[in-house]
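Colleague: Got a structure for you, written out below as structure tokens; questions coming shortly.
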Amino acid sequence: MVLEITEDKFDGNIEKLLSIVNVFKDYGFKIAVDDLGVGFSNLERIGYIHPDIMKVDIKIMRESLNRRSFKNVLSAIADMSQKLGSDLLFEGIETEEELHLALSMGANLLQGFYFSRPQVEFQDKKQFNRTLRDTLEKFSGLRFMELLEEFQKGQSVIDSLGEKLEALRHNGKEDLPLVLHLMLSELPTEILSVFACDIFGYQITPTYFRVHPGEEWDSDLTEIGNNYAWRPFFIRHKAKVVQNAAKWTVTEPMYDMDLHKQVVIFTYTLRV
């Protein structure tokens, strides 16, 4: 049995709500938060309740098919469900495209007319085995090829950058700004920004940047001295260098508000 709690505005006492929820949990009920993504979801309430199931609203799912910002929100909800250990349920699925989106977000519960219209009687759970098997195999194959293409693209950038950046080792730390500036024209066209930090995370060169691939480079000297030691990509990179002697790390895609596009950050260890 599942007890659904909708994400409507709640002005009551959260402690009383939590005590009621715990009573139902003690009796074996599973708790689901419904319509996640509608209005302004109360994250505090989700933290208190720690639901067994998080249900994604159909509107945010369909908007995410066409708008990157909605897809990023959906991805954040998926990450939250995984960290909470909650099952992620996508409802209102009607097309194969929507099904593939749900699967790409890690959904482990699916609901919608794609499978069947509502019936008075319970249906045989084996009825959808063949359809789901074929769909999952197709999705798995497509997703594998997408990831392989992403990895190959990232490796191509690393291979292109590696030899050029390694040449910087032959210069002293004080020469890095000039040498980095001189090699800008040799960088892959996909690179939009580059700078160097010391081991403590302090930026020691200007930020060289361009808005679009292939454009002329510009520089920003005001960012010299900025500290990146607190940024997740910097901390993870240092840890991997120590643990695995890795030279490169690559972040997951993230949205840059200034560039208005998805970017990834390549981090490289250079010993000079």
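Here's how to read the names in the structure tokens: chain A, B, ... by the order shown, residue numbers from 1 in each chain, ligand numbers from 1 in the order shown.
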List as a list of chain:residue names the protein and nucleic acid residues near A:Asn226, meaning an atom at most 10 Å away when only C-alpha atoms are counted, but skip any in the same chain fewer than 6 places from it.

Modeller: A:Cys197, A:Gly201, A:Tyr202, A:Gln203, A:Ile204

Colleague: Quick one: everything within 12 Å of A:Met61, counting only C-alpha atoms, minus sequence neighbours fewer than 6 positions away in the same chain. Send it as an MDAnalysis selection string.

Modeller: chainID A and resid 35:38 55 67:75 77:78 89:95 97:105 107

Colleague: Write down as a list in words the residues of stretch 11-191 of chain A whose backbone DSSP state falls under strand (DSSP E).

Modeller: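 Written out, the strand (DSSP E) residues of stretch 11-191 of chain A are Lys30, Ile31, Ala32, Val33, Asp34, Asp35, Leu36, Ile53, Met54, Lys55, Val56, Asp87, Leu88, Leu89, Phe90, Leu109 and Leu110 of chain A.
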
Colleague: Excluding stretch 262-271 of chain A and residues on its chain fewer than 3 positions from it, collect all residues at most 6 Å away from it, counting only C-alpha atoms, and give them as a list in words.

Modeller: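 The filter keeps Lys247, Trp248, Thr249, Val250, Thr251, Pro253, Met254 and Tyr255 of chain A.
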
Colleague: For A:Gly106, which residue among A:Ser86, A:Thr222, A:Asn227, A:Ser193 is the nearest when counting only C-alpha atoms?

Modeller: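 Among the listed residues, the smallest separation from A:Gly106 belongs to A:Ser86.
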
Colleague: Which is closer to A:Leu136 than all the others in A:Glu96, A:Asp175, A:Glu215, A:Glu166, using only C-alpha atoms?

Modeller: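 With only C-alpha atoms as the atom set, the closest residue is A:Glu96.
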
Colleague: In stretch 27-270 of chain A, what's alpha helix (DSSP H) per DSSP? Answer as an MDAnalysis selection string?

Modeller: chainID A and resid 43:49 58:64 68:84 96:104 129:166 176:182 232:244

Colleague: Would you please work out which residue, of A:Pro188, A:Gly141, A:Pro51, A:Pro206, is nearest to A:Asp87 when using only C-alpha atoms?

Modeller: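 Under the stated criterion, the closest residue is A:Pro51.
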
Colleague: So how many Å separate atom CA of A:Lys59 and atom CA of A:Gln111, to one decimal?

Modeller: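 Atom-to-atom, atom CA of A:Lys59 and atom CA of A:Gln111 are spaced 14.2 Å apart.
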
Colleague: What lies within 10 Å of A:Glu216 using only C-alpha atoms, ignoring chain neighbours under 4 positions off, as a PDB file with N, CA and C atoms, in the first residue's frame?

Modeller:
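The resulting file, selection.pdb, is reproduced below:
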```pdb
ATOM      1  N   LEU A 184      47.522  29.886 -27.524  1.00  0.00           N
ATOM      2  CA  LEU A 184      46.062  29.923 -27.658  1.00  0.00           C
ATOM      3  C   LEU A 184      45.596  29.520 -29.055  1.00  0.00           C
ATOM      4  N   SER A 185      46.311  29.966 -30.062  1.00  0.00           N
ATOM      5  CA  SER A 185      45.900  29.684 -31.443  1.00  0.00           C
ATOM      6  C   SER A 185      45.983  28.200 -31.780  1.00  0.00           C
ATOM      7  N   PHE A 209      39.579  33.758 -22.914  1.00  0.00           N
ATOM      8  CA  PHE A 209      38.229  33.268 -23.198  1.00  0.00           C
ATOM      9  C   PHE A 209      37.740  33.739 -24.568  1.00  0.00           C
ATOM     10  N   ARG A 210      36.715  33.048 -25.043  1.00  0.00           N
ATOM     11  CA  ARG A 210      35.962  33.459 -26.222  1.00  0.00           C
ATOM     12  C   ARG A 210      34.540  32.932 -26.067  1.00  0.00           C
ATOM     13  N   VAL A 211      33.587  33.617 -26.655  1.00  0.00           N
ATOM     14  CA  VAL A 211      32.179  33.258 -26.471  1.00  0.00           C
ATOM     15  C   VAL A 211      31.781  32.102 -27.372  1.00  0.00           C
ATOM     16  N   HIS A 212      32.312  32.093 -28.592  1.00  0.00           N
ATOM     17  CA  HIS A 212      31.938  31.061 -29.559  1.00  0.00           C
ATOM     18  C   HIS A 212      33.186  30.330 -30.060  1.00  0.00           C
TER      19      HIS A 212
END
```

Colleague: Using only C-alpha atoms, which of A:Glu190, A:Glu4, A:Asp124, A:Asp11 sits nearest A:Phe29?

Modeller: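 Of A:Glu190, A:Glu4, A:Asp124, A:Asp11, the one nearest A:Phe29, counting only C-alpha atoms, is A:Glu4.
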
Colleague: When you look at A:Leu84 with a cut-off of 12 Å (counting only C-alpha atoms), what residues show up, excluding the ones that are within fewer than 6 positions of it in the same chain? I need them as an mmCIF file with C-alpha atoms, in the first residue's frame.

Modeller:
```cif
data_model
loop_
_atom_site.group_PDB
_atom_site.id
_atom_site.type_symbol
_atom_site.label_atom_id
_atom_site.label_comp_id
_atom_site.auth_asym_id
_atom_site.auth_seq_id
_atom_site.Cartn_x
_atom_site.Cartn_y
_atom_site.Cartn_z
ATOM 1 C CA ILE A 46 10.852 16.004 1.530
ATOM 2 C CA GLY A 47 13.831 16.003 3.886
ATOM 3 C CA TYR A 48 11.612 15.339 6.897
ATOM 4 C CA ILE A 49 9.407 12.700 5.282
ATOM 5 C CA HIS A 50 12.176 10.908 3.352
ATOM 6 C CA PRO A 51 9.663 9.360 0.922
ATOM 7 C CA ASP A 52 9.935 5.855 -0.458
ATOM 8 C CA ILE A 53 8.720 7.083 -3.851
ATOM 9 C CA MET A 54 9.146 10.421 -5.621
ATOM 10 C CA ILE A 77 15.315 15.641 -9.032
ATOM 11 C CA ALA A 78 16.686 12.308 -10.254
#
```
